[in-house]
file final29.cif (mmCIF, C-alpha atoms and all ligand atoms)
data_start
#
loop_
_atom_site.label_atom_id
_atom_site.label_comp_id
_atom_site.auth_asym_id
_atom_site.auth_seq_id
_atom_site.Cartn_x
_atom_site.Cartn_y
_atom_site.Cartn_z
CA MET A 15 23.67 -7.15 -69.45
CA SER A 16 25.80 -10.22 -69.33
CA GLU A 17 26.77 -11.14 -65.81
CA ILE A 18 29.34 -13.74 -66.82
CA LYS A 19 31.27 -13.69 -70.05
CA VAL A 20 33.85 -16.23 -71.11
CA GLU A 21 35.96 -15.35 -74.12
CA ARG A 22 37.95 -17.90 -76.12
CA LEU A 23 38.38 -19.79 -72.87
CA SER A 24 40.67 -22.81 -73.02
CA LYS A 25 41.97 -25.21 -70.42
CA ARG A 26 44.56 -27.86 -71.14
CA PHE A 27 45.62 -30.64 -68.80
CA ASN A 28 48.87 -31.94 -70.32
CA GLU A 29 47.73 -33.15 -73.75
CA THR A 30 43.98 -32.96 -73.04
CA ALA A 31 42.07 -29.89 -74.18
CA ALA A 32 39.34 -30.02 -71.50
CA LEU A 33 37.96 -26.71 -72.81
CA ASP A 34 38.73 -25.46 -76.29
CA ALA A 35 38.34 -21.73 -77.08
CA VAL A 36 34.78 -21.41 -75.78
CA SER A 37 33.02 -18.02 -75.93
CA LEU A 38 29.71 -17.72 -74.10
CA ASP A 39 27.69 -14.98 -72.39
CA PHE A 40 25.47 -15.61 -69.38
CA ALA A 41 22.83 -12.88 -69.03
CA ALA A 42 22.04 -11.52 -65.57
CA GLY A 43 19.30 -13.67 -64.02
CA SER A 44 19.57 -16.40 -66.65
CA PHE A 45 19.57 -20.14 -65.95
CA THR A 46 21.98 -21.99 -68.23
CA ALA A 47 22.40 -25.76 -68.19
CA LEU A 48 25.71 -27.14 -69.46
CA LEU A 49 24.78 -30.50 -70.95
CA GLY A 50 26.98 -33.12 -72.53
CA PRO A 51 28.54 -36.56 -72.21
CA SER A 52 31.10 -37.45 -69.55
CA GLY A 53 34.43 -35.72 -70.10
CA CYS A 54 33.15 -33.01 -72.48
CA GLY A 55 34.41 -30.16 -70.25
CA LYS A 56 31.32 -29.12 -68.26
CA THR A 57 32.95 -29.24 -64.84
CA THR A 58 36.08 -27.57 -66.16
CA MET A 59 33.99 -24.64 -67.42
CA LEU A 60 32.31 -24.34 -64.01
CA ARG A 61 35.63 -24.51 -62.14
CA LEU A 62 37.10 -21.80 -64.36
CA ILE A 63 34.11 -19.53 -63.62
CA ALA A 64 34.37 -20.27 -59.89
CA GLY A 65 38.12 -19.68 -59.90
CA PHE A 66 39.22 -23.18 -58.87
CA GLU A 67 41.17 -23.47 -62.12
CA ALA A 68 43.16 -20.90 -64.11
CA PRO A 69 42.65 -20.55 -67.88
CA SER A 70 45.37 -21.77 -70.27
CA GLU A 71 44.06 -19.15 -72.69
CA GLY A 72 41.16 -16.72 -72.85
CA SER A 73 39.37 -14.84 -70.11
CA VAL A 74 36.48 -14.84 -67.63
CA PHE A 75 34.60 -11.60 -66.89
CA PHE A 76 31.92 -10.84 -64.30
CA GLY A 77 30.23 -7.79 -65.79
CA LYS A 78 33.10 -5.61 -66.95
CA GLU A 79 35.48 -6.93 -64.33
CA LEU A 80 38.21 -9.36 -65.37
CA MET A 81 38.18 -12.41 -63.09
CA ALA A 82 40.78 -14.50 -64.86
CA ASP A 83 43.12 -14.76 -67.79
CA PRO A 84 46.41 -16.66 -68.04
CA GLN A 85 48.22 -13.82 -66.23
CA ARG A 86 45.73 -12.83 -63.59
CA GLN A 87 43.38 -14.70 -61.22
CA VAL A 88 40.87 -13.31 -58.75
CA PRO A 89 40.78 -15.98 -56.00
CA PRO A 90 37.52 -17.96 -55.62
CA GLU A 91 36.63 -16.44 -52.23
CA ALA A 92 36.84 -12.93 -53.68
CA ARG A 93 34.43 -13.72 -56.57
CA GLY A 94 31.30 -13.87 -54.43
CA VAL A 95 30.04 -16.98 -56.21
CA GLY A 96 27.88 -19.68 -54.60
CA VAL A 97 28.84 -23.24 -55.52
CA VAL A 98 26.94 -26.50 -54.90
CA PHE A 99 28.51 -29.83 -55.79
CA GLN A 100 27.01 -33.31 -55.87
CA SER A 101 28.99 -34.19 -52.75
CA TYR A 102 27.41 -31.88 -50.28
CA ALA A 103 30.54 -31.00 -48.23
CA LEU A 104 28.51 -30.48 -45.04
CA TRP A 105 29.75 -30.93 -41.47
CA PRO A 106 28.09 -34.18 -40.36
CA HIS A 107 28.31 -33.55 -36.61
CA MET A 108 26.80 -30.04 -36.78
CA ASP A 109 23.08 -29.41 -36.98
CA VAL A 110 21.31 -28.03 -40.04
CA ALA A 111 21.16 -24.44 -38.77
CA ALA A 112 24.88 -24.37 -37.92
CA ASN A 113 25.81 -25.70 -41.36
CA VAL A 114 23.66 -23.13 -43.11
CA ALA A 115 24.89 -20.28 -40.86
CA TYR A 116 28.53 -21.06 -41.57
CA PRO A 117 29.14 -18.64 -44.47
CA LEU A 118 27.59 -15.78 -42.49
CA LYS A 119 29.64 -16.56 -39.36
CA ALA A 120 32.78 -16.61 -41.47
CA ARG A 121 31.87 -13.10 -42.60
CA HIS A 122 31.22 -11.99 -38.99
CA VAL A 123 27.58 -11.15 -39.63
CA GLU A 124 25.80 -10.18 -36.42
CA ARG A 125 24.12 -13.10 -34.59
CA GLY A 126 20.52 -11.82 -34.69
CA ALA A 127 20.72 -11.23 -38.43
CA ILE A 128 22.15 -14.73 -38.96
CA ALA A 129 19.16 -16.44 -37.30
CA GLY A 130 16.73 -14.49 -39.49
CA ARG A 131 18.58 -15.29 -42.73
CA VAL A 132 19.00 -18.98 -41.86
CA GLY A 133 15.29 -19.27 -41.08
CA ALA A 134 14.39 -17.62 -44.39
CA VAL A 135 16.53 -19.88 -46.59
CA LEU A 136 15.48 -23.05 -44.75
CA ASP A 137 11.94 -22.01 -45.53
CA ILE A 138 12.81 -21.66 -49.23
CA VAL A 139 14.28 -25.18 -49.41
CA GLY A 140 11.43 -26.64 -47.33
CA LEU A 141 13.48 -27.57 -44.25
CA SER A 142 12.08 -25.20 -41.62
CA ARG A 143 11.28 -28.02 -39.23
CA PHE A 144 14.76 -29.53 -39.46
CA GLU A 145 16.85 -26.70 -38.02
CA GLY A 146 18.05 -28.70 -35.00
CA ARG A 147 18.69 -32.03 -36.80
CA ARG A 148 22.24 -33.26 -37.26
CA ILE A 149 23.33 -33.82 -40.87
CA GLU A 150 23.91 -37.52 -40.26
CA GLU A 151 20.23 -37.84 -39.37
CA LEU A 152 19.08 -36.56 -42.78
CA SER A 153 18.29 -38.32 -46.06
CA GLY A 154 20.31 -37.63 -49.21
CA GLY A 155 17.68 -35.25 -50.57
CA GLN A 156 17.48 -33.35 -47.31
CA ARG A 157 21.27 -33.03 -47.22
CA GLN A 158 21.22 -31.68 -50.74
CA ARG A 159 18.66 -29.09 -49.60
CA VAL A 160 20.93 -28.07 -46.71
CA ALA A 161 23.79 -27.58 -49.17
CA LEU A 162 21.47 -25.46 -51.30
CA ALA A 163 20.38 -23.41 -48.29
CA ARG A 164 23.99 -22.84 -47.29
CA CYS A 165 24.70 -21.55 -50.77
CA LEU A 166 21.58 -19.35 -50.81
CA VAL A 167 22.25 -17.78 -47.41
CA ALA A 168 25.34 -16.05 -48.80
CA ASP A 169 23.04 -14.25 -51.25
CA ALA A 170 25.39 -14.70 -54.20
CA ARG A 171 24.43 -13.12 -57.52
CA ILE A 172 26.00 -16.07 -59.31
CA ILE A 173 25.30 -19.66 -58.32
CA LEU A 174 27.10 -22.64 -59.88
CA PHE A 175 25.75 -26.18 -59.59
CA ASP A 176 27.76 -29.26 -60.51
CA GLU A 177 25.44 -32.26 -60.94
CA PRO A 178 23.68 -31.44 -57.67
CA LEU A 179 21.10 -34.20 -58.11
CA ALA A 180 23.42 -36.97 -59.28
CA ASN A 181 23.24 -38.90 -55.99
CA LEU A 182 19.47 -38.78 -55.58
CA ASP A 183 16.80 -41.25 -56.65
CA MET A 184 14.31 -40.41 -59.41
CA HIS A 185 11.52 -39.30 -57.09
CA LEU A 186 13.75 -36.94 -55.12
CA ARG A 187 15.26 -35.56 -58.29
CA ALA A 188 11.81 -34.56 -59.51
CA SER A 189 11.00 -32.71 -56.29
CA MET A 190 14.41 -31.02 -56.30
CA VAL A 191 13.85 -29.83 -59.87
CA ASP A 192 10.81 -27.97 -58.52
CA ALA A 193 12.94 -26.54 -55.69
CA PHE A 194 15.56 -25.27 -58.16
CA ARG A 195 12.96 -23.57 -60.33
CA ASP A 196 11.52 -21.93 -57.25
CA ILE A 197 14.93 -20.77 -56.06
CA HIS A 198 15.72 -19.26 -59.43
CA ARG A 199 12.40 -17.37 -59.41
CA ARG A 200 12.88 -16.10 -55.87
CA THR A 201 16.53 -15.10 -56.00
CA GLY A 202 16.89 -13.95 -59.62
CA ALA A 203 20.50 -15.20 -59.42
CA THR A 204 22.46 -16.03 -62.54
CA ILE A 205 22.67 -19.80 -62.51
CA VAL A 206 25.02 -22.15 -64.34
CA TYR A 207 24.02 -25.78 -63.87
CA VAL A 208 26.10 -28.76 -64.98
CA THR A 209 24.29 -31.99 -65.76
CA HIS A 210 24.48 -34.95 -68.09
CA ASP A 211 20.73 -35.52 -67.67
CA GLN A 212 18.91 -33.99 -70.61
CA ALA A 213 15.46 -34.15 -68.98
CA GLU A 214 16.79 -32.13 -66.05
CA ALA A 215 18.42 -29.59 -68.36
CA LEU A 216 15.30 -29.13 -70.51
CA ALA A 217 13.03 -28.82 -67.47
CA LEU A 218 15.14 -26.34 -65.54
CA ALA A 219 17.09 -24.06 -67.79
CA ASP A 220 16.06 -21.13 -69.96
CA ARG A 221 19.09 -21.94 -72.10
CA VAL A 222 20.87 -25.21 -72.72
CA ALA A 223 24.50 -25.27 -73.85
CA ILE A 224 25.35 -28.61 -75.43
CA MET A 225 29.03 -29.45 -75.07
CA SER A 226 31.22 -32.02 -76.76
CA GLN A 227 35.00 -32.43 -76.63
CA GLY A 228 35.67 -29.09 -74.99
CA LYS A 229 33.44 -27.09 -77.36
CA VAL A 230 29.94 -25.66 -77.11
CA LEU A 231 28.00 -27.05 -80.09
CA GLN A 232 24.81 -25.06 -79.49
CA ALA A 233 23.53 -22.71 -76.80
CA ALA A 234 19.81 -21.99 -77.16
CA PRO A 235 16.47 -22.24 -75.35
CA PRO A 236 15.41 -25.84 -74.59
CA GLN A 237 12.68 -25.94 -77.27
CA GLU A 238 15.12 -24.75 -79.91
CA VAL A 239 17.78 -27.28 -78.99
CA TYR A 240 15.11 -30.00 -79.23
CA ARG A 241 13.29 -28.80 -82.35
CA ALA A 242 16.16 -27.30 -84.30
CA PRO A 243 19.46 -28.90 -83.26
CA ALA A 244 22.54 -27.31 -84.86
CA ASN A 245 24.04 -30.64 -85.88
CA ALA A 246 23.69 -34.40 -85.64
CA THR A 247 25.57 -34.63 -82.34
CA VAL A 248 23.14 -32.25 -80.63
CA ALA A 249 20.18 -34.04 -82.24
CA GLY A 250 21.45 -37.36 -80.97
CA PHE A 251 22.12 -36.10 -77.48
CA VAL A 252 18.79 -34.34 -76.85
CA GLY A 253 15.60 -36.36 -77.03
CA ARG A 254 14.78 -39.46 -79.06
CA GLY A 255 14.51 -39.50 -82.80
CA SER A 256 16.04 -40.68 -86.02
CA ILE A 257 18.18 -39.04 -88.65
CA VAL A 258 17.48 -40.17 -92.19
CA ALA A 259 18.91 -39.24 -95.57
CA GLY A 260 16.63 -37.36 -97.95
CA THR A 261 16.66 -35.09 -100.97
CA VAL A 262 15.37 -31.53 -101.20
CA ILE A 263 12.84 -31.28 -104.06
CA ASP A 264 11.75 -27.71 -103.57
CA HIS A 265 13.19 -25.11 -101.27
CA ALA A 266 12.27 -21.79 -99.78
CA GLU A 267 13.63 -19.84 -96.82
CA GLY A 268 12.80 -21.74 -93.63
CA ILE A 269 10.85 -24.61 -95.18
CA ALA A 270 11.57 -27.19 -97.87
CA THR A 271 9.88 -30.12 -99.53
CA VAL A 272 11.95 -33.26 -99.14
CA ASP A 273 11.78 -36.79 -100.50
CA VAL A 274 12.52 -39.83 -98.35
CA ALA A 275 11.89 -43.30 -99.81
CA GLY A 276 9.67 -41.83 -102.54
CA HIS A 277 7.44 -39.96 -100.09
CA ARG A 278 7.39 -36.16 -100.01
CA PHE A 279 6.82 -33.98 -96.96
CA ALA A 280 7.66 -30.52 -95.59
CA ALA A 281 10.75 -30.03 -93.45
CA ARG A 282 11.85 -26.98 -91.48
CA SER A 283 15.27 -25.66 -92.42
CA ALA A 284 17.74 -23.15 -90.95
CA GLY A 285 18.04 -21.37 -94.31
CA ILE A 286 17.80 -22.53 -97.89
CA SER A 287 18.62 -26.21 -98.31
CA SER A 288 19.16 -28.12 -101.53
CA GLY A 289 20.32 -31.53 -102.72
CA PRO A 290 20.98 -34.40 -100.33
CA VAL A 291 20.33 -33.60 -96.65
CA ASN A 292 20.03 -35.26 -93.27
CA ILE A 293 16.58 -34.99 -91.72
CA LEU A 294 15.67 -35.30 -88.05
CA LEU A 295 12.37 -37.06 -87.36
CA ARG A 296 11.09 -37.12 -83.76
CA PRO A 297 8.73 -39.95 -82.71
CA GLU A 298 5.86 -37.59 -81.86
CA ALA A 299 5.87 -36.23 -85.43
CA LEU A 300 5.48 -39.66 -87.04
CA ARG A 301 2.52 -42.01 -87.23
CA ILE A 302 1.52 -45.17 -89.01
CA SER A 303 -0.90 -44.19 -91.73
CA PRO A 304 -2.38 -45.51 -95.02
CA GLU A 305 0.02 -43.25 -96.91
CA GLY A 306 3.63 -42.21 -96.35
CA MET A 307 7.13 -43.64 -96.31
CA PRO A 308 7.10 -47.43 -96.80
CA ALA A 309 8.72 -49.18 -93.83
CA THR A 310 9.05 -52.56 -92.16
CA VAL A 311 8.59 -53.15 -88.42
CA LEU A 312 11.83 -54.23 -86.73
CA ASP A 313 10.78 -54.05 -83.11
CA SER A 314 7.83 -53.05 -80.93
CA ILE A 315 8.55 -52.45 -77.22
CA TYR A 316 6.01 -51.43 -74.60
CA ARG A 317 7.24 -48.28 -72.77
CA GLY A 318 4.51 -47.28 -70.38
CA PRO A 319 1.62 -45.60 -72.16
CA VAL A 320 2.96 -46.24 -75.67
CA HIS A 321 4.68 -48.88 -77.77
CA GLU A 322 7.99 -47.71 -79.13
CA VAL A 323 8.17 -49.07 -82.66
CA ARG A 324 11.42 -49.27 -84.59
CA LEU A 325 11.05 -49.38 -88.36
CA ALA A 326 13.38 -49.95 -91.29
CA LEU A 327 13.14 -47.74 -94.37
CA PRO A 328 13.96 -49.30 -97.77
CA ALA A 329 17.47 -47.74 -97.83
CA LYS A 330 19.98 -49.84 -95.90
CA GLY A 331 20.70 -48.70 -92.34
CA GLN A 332 17.93 -46.09 -92.28
CA GLU A 333 15.58 -46.48 -89.32
CA LEU A 334 12.66 -44.64 -87.73
CA LEU A 335 11.29 -44.53 -84.21
CA ILE A 336 7.55 -44.11 -83.58
CA ASP A 337 5.36 -44.10 -80.49
CA ASN A 338 2.25 -46.11 -81.26
CA THR A 339 -0.78 -46.66 -79.04
CA GLU A 340 -0.88 -50.36 -79.98
CA ALA A 341 1.72 -53.06 -80.43
CA VAL A 342 2.71 -53.77 -84.05
CA ALA A 343 3.77 -57.18 -85.39
CA VAL A 344 7.46 -57.50 -86.21
CA GLY A 345 8.00 -57.89 -89.96
CA GLN A 346 4.78 -56.11 -90.88
CA SER A 347 4.86 -53.60 -93.79
CA VAL A 348 3.43 -50.18 -92.97
CA HIS A 349 3.47 -46.57 -94.17
CA VAL A 350 4.60 -43.63 -92.06
CA ALA A 351 3.23 -40.08 -92.32
CA VAL A 352 5.31 -37.11 -91.18
CA SER A 353 3.86 -34.02 -89.50
CA ASP A 354 7.14 -32.27 -88.59
CA ALA A 355 10.75 -32.60 -89.68
CA TRP A 356 14.00 -30.65 -89.37
CA ILE A 357 16.81 -30.49 -91.90
CA ILE A 358 20.01 -30.72 -89.88
CA PRO A 359 22.33 -27.88 -90.88
CA ASP A 360 26.07 -28.16 -91.44
CA SER A 361 26.23 -31.91 -91.65
CA GLU A 362 27.54 -34.14 -94.36
CA PRO A 363 24.72 -36.23 -95.81
CA SER A 364 25.19 -39.84 -94.77
N1 LIG A 401 42.75 -32.07 -63.01
C1 LIG A 401 42.76 -32.70 -64.18
N2 LIG A 401 43.88 -33.26 -64.66
C2 LIG A 401 43.91 -33.89 -65.85
N3 LIG A 401 42.85 -34.00 -66.67
C3 LIG A 401 41.69 -33.46 -66.27
C4 LIG A 401 41.57 -32.78 -65.00
N4 LIG A 401 40.30 -32.34 -64.89
C5 LIG A 401 39.66 -32.73 -66.01
N5 LIG A 401 40.48 -33.39 -66.84
C6 LIG A 401 40.12 -33.94 -68.16
O1 LIG A 401 39.48 -32.93 -68.90
C7 LIG A 401 38.37 -33.42 -69.64
C8 LIG A 401 37.10 -32.69 -69.23
O2 LIG A 401 36.77 -33.01 -67.89
P1 LIG A 401 35.50 -32.42 -67.13
O3 LIG A 401 35.58 -32.89 -65.72
O4 LIG A 401 35.41 -30.99 -67.37
O5 LIG A 401 34.32 -33.17 -67.90
P2 LIG A 401 32.77 -33.26 -67.55
O6 LIG A 401 32.07 -32.93 -68.80
O7 LIG A 401 32.46 -32.47 -66.35
O8 LIG A 401 32.62 -34.81 -67.24
P3 LIG A 401 31.70 -35.59 -66.15
O9 LIG A 401 30.28 -35.47 -66.63
O10 LIG A 401 32.23 -36.99 -66.24
O11 LIG A 401 31.94 -34.96 -64.81
C9 LIG A 401 38.33 -34.91 -69.35
O12 LIG A 401 38.98 -35.57 -70.41
C10 LIG A 401 39.09 -35.05 -68.06
O13 LIG A 401 39.70 -36.32 -67.98
#
call {"tool": "encode", "arguments": {"input": "final29.cif", "output": "structure tokens"}}
result
Amino acid sequence: MSEIKVERLSKRFNETAALDAVSLDFAAGSFTALLGPSGCGKTTMLRLIAGFEAPSEGSVFFGKELMADPQRQVPPEARGVGVVFQSYALWPHMDVAANVAYPLKARHVERGAIAGRVGAVLDIVGLSRFEGRRIEELSGGQRQRVALARCLVADARIILFDEPLANLDMHLRASMVDAFRDIHRRTGATIVYVTHDQAEALALADRVAIMSQGKVLQAAPPQEVYRAPANATVAGFVGRGSIVAGTVIDHAEGIATVDVAGHRFAARSAGISSGPVNILLRPEALRISPEGMPATVLDSIYRGPVHEVRLALPAKGQELLIDNTEAVAVGQSVHVAVSDAWIIPDSEPS
């Protein structure tokens, strides 16, 4: 069953359509990442679900219950939703336990029960030993964990995260990603997670919704968004790769033979493709080989274990990206073999 359902949901701020007729279901217990560039409407979607904003059009349902439409608004505190923002909104002078206990105190939960619950959630976020510490004595990552614990203690069925890791360094982010996965497993809550970091979205979510200009371009499992992007914008936003122009030579349902620069290879396709198409080529599916597309080396940059090599195809403006184990001389002529390719649907050939 879907726990959250938004239907033709729109939000306008004066002339800006922050959200534009978006319909999306969030299944009970699912983990959805809203991913997209700055200003695409991610936070607005989250705020509409939480009840901090009212829709201009459309509706928000929790199960069968209407939470909001332009006429009616269930207030945020009556929605039973847990929310964690990138600014932690903790009380600096209180200790960790008091901060985490706050939502239960506000609900007049009995004192003995509060201590038990606080202990349990601090254990989940790995802060058991920090109960008595004041917030101002904690690191950024520890503060973020306190904010998480405070959200978890309320035992909400729906938890909304708005860029919760944005203020943390890379190392902390990685350890928090593990904490989030663990929390999702333990609580089974329905999670909506806003981020502009694609690695975070792919690692955490069971579904990624790619947003652009107030619309959802694709909502699918991470592997699908990566391997079979719905359009060029999604392809460009998730992962590295190149989009090149090609021609379909032979087509069948789901797979076609395409020609790029006189070289033929198989490409996956959403249906039956024909004529000129745009083809997505990811670096891991390309390699320098005695046979393949003729190309010239433009650039070879060392990126940790591999050299990222940028190549020019004969057609003007068409480039490829390859990860190669060795550096390649700029200007060298090579051939490139293709082991996987995806014909981008619904896009005008360039
Ligand atoms: N209260 C507001 N008043 C006016 N315009 C707003 C308001 N809130 C958001 N907007 C506009 O709506 C659009 C979507 O904003 P939103 O905050 O949802 O984007 P976002 O994808 O979360 O961006 P970011 O990643 O930068 O946080 C933007 O153009 C923004 O300027």
call {"tool": "residues_around", "arguments": {"input": "final29.cif", "residues": "Ala242 of chain A", "least_positions_apart": "2", "cutoff": "12 Å", "atoms": "all atoms listed in the file", "output": "PDB file with C-alpha atoms, in the coordinates of the input"}}
result
ATOM      1  CA  GLN A 232      24.810 -25.060 -79.490  1.00  0.00           C
ATOM      2  CA  ALA A 233      23.530 -22.710 -76.800  1.00  0.00           C
ATOM      3  CA  ALA A 234      19.810 -21.990 -77.160  1.00  0.00           C
ATOM      4  CA  PRO A 235      16.470 -22.240 -75.350  1.00  0.00           C
ATOM      5  CA  PRO A 236      15.410 -25.840 -74.590  1.00  0.00           C
ATOM      6  CA  GLN A 237      12.680 -25.940 -77.270  1.00  0.00           C
ATOM      7  CA  GLU A 238      15.120 -24.750 -79.910  1.00  0.00           C
ATOM      8  CA  VAL A 239      17.780 -27.280 -78.990  1.00  0.00           C
ATOM      9  CA  TYR A 240      15.110 -30.000 -79.230  1.00  0.00           C
ATOM     10  CA  ALA A 244      22.540 -27.310 -84.860  1.00  0.00           C
ATOM     11  CA  ASN A 245      24.040 -30.640 -85.880  1.00  0.00           C
ATOM     12  CA  ALA A 246      23.690 -34.400 -85.640  1.00  0.00           C
ATOM     13  CA  VAL A 248      23.140 -32.250 -80.630  1.00  0.00           C
ATOM     14  CA  ALA A 249      20.180 -34.040 -82.240  1.00  0.00           C
ATOM     15  CA  GLY A 250      21.450 -37.360 -80.970  1.00  0.00           C
ATOM     16  CA  VAL A 252      18.790 -34.340 -76.850  1.00  0.00           C
ATOM     17  CA  GLY A 253      15.600 -36.360 -77.030  1.00  0.00           C
ATOM     18  CA  GLY A 268      12.800 -21.740 -93.630  1.00  0.00           C
ATOM     19  CA  ALA A 281      10.750 -30.030 -93.450  1.00  0.00           C
ATOM     20  CA  ARG A 282      11.850 -26.980 -91.480  1.00  0.00           C
ATOM     21  CA  SER A 283      15.270 -25.660 -92.420  1.00  0.00           C
ATOM     22  CA  ALA A 284      17.740 -23.150 -90.950  1.00  0.00           C
ATOM     23  CA  GLY A 285      18.040 -21.370 -94.310  1.00  0.00           C
ATOM     24  CA  ILE A 293      16.580 -34.990 -91.720  1.00  0.00           C
ATOM     25  CA  LEU A 294      15.670 -35.300 -88.050  1.00  0.00           C
ATOM     26  CA  LEU A 295      12.370 -37.060 -87.360  1.00  0.00           C
ATOM     27  CA  ARG A 296      11.090 -37.120 -83.760  1.00  0.00           C
ATOM     28  CA  ASP A 354       7.140 -32.270 -88.590  1.00  0.00           C
ATOM     29  CA  ALA A 355      10.750 -32.600 -89.680  1.00  0.00           C
ATOM     30  CA  TRP A 356      14.000 -30.650 -89.370  1.00  0.00           C
ATOM     31  CA  ILE A 357      16.810 -30.490 -91.900  1.00  0.00           C
ATOM     32  CA  ILE A 358      20.010 -30.720 -89.880  1.00  0.00           C
ATOM     33  CA  PRO A 359      22.330 -27.880 -90.880  1.00  0.00           C
TER      34      PRO A 359
END
call {"tool": "atom_distance", "arguments": {"input": "final29.cif", "atom1": "atom CA of Pro178 of chain A", "atom2": "atom CA of Glu79 of chain A"}}
result
28.0 Å
call {"tool": "closest_residue", "arguments": {"input": "final29.cif", "among": "A:Gln156, A:Gln212, A:Ser287, A:Asn28", "to": "Leu49 of chain A", "atoms": "only C-alpha atoms"}}
result
A:Gln212
call {"tool": "closest_residue", "arguments": {"input": "final29.cif", "among": "A:Val206, A:Ala92, A:Ala341, A:Leu48", "to": "ligand LIG 401 (chain A)", "atoms": "all atoms listed in the file"}}
result
A:Leu48
call {"tool": "residues_around", "arguments": {"input": "final29.cif", "residues": "Val311 of chain A", "least_positions_apart": "6", "cutoff": "6 Å", "atoms": "only C-alpha atoms", "output": "list of chain:residue names"}}
result
A:Leu325, A:Val344, A:Gly345, A:Gln346
call {"tool": "atom_distance", "arguments": {"input": "final29.cif", "atom1": "atom CA of Ala32 of chain A", "atom2": "atom O5 of ligand LIG 401 (chain A)"}}
result
6.9 Å
call {"tool": "atom_distance", "arguments": {"input": "final29.cif", "atom1": "atom CA of Pro69 of chain A", "atom2": "atom CA of Arg86 of chain A"}}
result
9.4 Å
call {"tool": "closest_atom_pairs", "arguments": {"input": "final29.cif", "of": "chain A", "to": "ligand LIG 401 (chain A)", "cutoff": "8 Å", "atoms": "only C-alpha atoms and all ligand atoms", "output": "tab-separated table"}}
result
residue	atom	partner	partner_atom	distance
A:Arg26	CA	A:LIG401	O1	7.5
A:Phe27	CA	A:LIG401	C2	4.7
A:Asn28	CA	A:LIG401	C2	7.0
A:Thr30	CA	A:LIG401	O1	6.1
A:Ala31	CA	A:LIG401	O1	6.6
A:Ala32	CA	A:LIG401	O1	3.9
A:Leu33	CA	A:LIG401	C8	7.0
A:Leu49	CA	A:LIG401	O6	8.0
A:Gly50	CA	A:LIG401	O6	6.3
A:Pro51	CA	A:LIG401	O9	5.9
A:Ser52	CA	A:LIG401	O10	3.5
A:Gly53	CA	A:LIG401	O5	3.4
A:Cys54	CA	A:LIG401	O6	3.8
A:Gly55	CA	A:LIG401	O4	3.2
A:Lys56	CA	A:LIG401	O6	3.9
A:Thr57	CA	A:LIG401	O7	3.6
A:Thr58	CA	A:LIG401	O4	3.7
A:Met59	CA	A:LIG401	O4	6.5
A:Val208	CA	A:LIG401	O7	7.5
A:Thr209	CA	A:LIG401	O9	7.0
A:His210	CA	A:LIG401	O9	6.0
A:Met225	CA	A:LIG401	O6	7.8
A:Gln227	CA	A:LIG401	C8	7.7
A:Gly228	CA	A:LIG401	C8	6.9
call {"tool": "closest_residue", "arguments": {"input": "final29.cif", "among": "A:Ser16, A:Thr247, A:Val323, A:Thr204", "to": "Ile224 of chain A", "atoms": "all atoms listed in the file"}}
result
A:Thr247
call {"tool": "closest_residue", "arguments": {"input": "final29.cif", "among": "A:Leu141, A:Ile149, A:Ala213, A:Ile173", "to": "Met108 of chain A", "atoms": "all atoms listed in the file"}}
result
A:Ile149
call {"tool": "residues_around", "arguments": {"input": "final29.cif", "residues": "Arg148 of chain A", "least_positions_apart": "5", "cutoff": "7 Å", "atoms": "all atoms listed in the file", "output": "PDB file with C-alpha atoms, keeping the file's coordinate frame"}}
result
ATOM      1  CA  PRO A 106      28.090 -34.180 -40.360  1.00  0.00           C
ATOM      2  CA  HIS A 107      28.310 -33.550 -36.610  1.00  0.00           C
ATOM      3  CA  MET A 108      26.800 -30.040 -36.780  1.00  0.00           C
ATOM      4  CA  ASP A 109      23.080 -29.410 -36.980  1.00  0.00           C
ATOM      5  CA  VAL A 110      21.310 -28.030 -40.040  1.00  0.00           C
TER       6      VAL A 110
END
call {"tool": "residues_around", "arguments": {"input": "final29.cif", "residues": "Thr201 of chain A", "least_positions_apart": "2", "cutoff": "10 Å", "atoms": "only C-alpha atoms", "output": "list of chain:residue names"}}
result
A:Gly43, A:Leu166, A:Asp169, A:Ala170, A:Arg171, A:Asp196, A:Ile197, A:His198, A:Arg199, A:Ala203, A:Thr204
call {"tool": "closest_residue", "arguments": {"input": "final29.cif", "among": "A:Glu305, A:Glu67, A:Asp220, A:Asp337", "to": "Ala82 of chain A", "atoms": "all atoms listed in the file"}}
result
A:Glu67
call {"tool": "closest_residue", "arguments": {"input": "final29.cif", "among": "A:Glu322, A:Glu214, A:Asp192, A:Asp183", "to": "Pro297 of chain A", "atoms": "only C-alpha atoms"}}
result
A:Glu322
call {"tool": "residues_around", "arguments": {"input": "final29.cif", "residues": "Phe175 of chain A", "least_positions_apart": "6", "cutoff": "9 Å", "atoms": "only C-alpha atoms", "output": "mmCIF file with C-alpha atoms, in the coordinates of the input"}}
result
data_model
loop_
_atom_site.group_PDB
_atom_site.id
_atom_site.type_symbol
_atom_site.label_atom_id
_atom_site.label_comp_id
_atom_site.auth_asym_id
_atom_site.auth_seq_id
_atom_site.Cartn_x
_atom_site.Cartn_y
_atom_site.Cartn_z
ATOM 1 C CA LEU A 60 32.310 -24.340 -64.010
ATOM 2 C CA GLY A 96 27.880 -19.680 -54.600
ATOM 3 C CA VAL A 97 28.840 -23.240 -55.520
ATOM 4 C CA VAL A 98 26.940 -26.500 -54.900
ATOM 5 C CA PHE A 99 28.510 -29.830 -55.790
ATOM 6 C CA GLN A 100 27.010 -33.310 -55.870
ATOM 7 C CA ILE A 205 22.670 -19.800 -62.510
ATOM 8 C CA VAL A 206 25.020 -22.150 -64.340
ATOM 9 C CA TYR A 207 24.020 -25.780 -63.870
ATOM 10 C CA VAL A 208 26.100 -28.760 -64.980
ATOM 11 C CA THR A 209 24.290 -31.990 -65.760
#
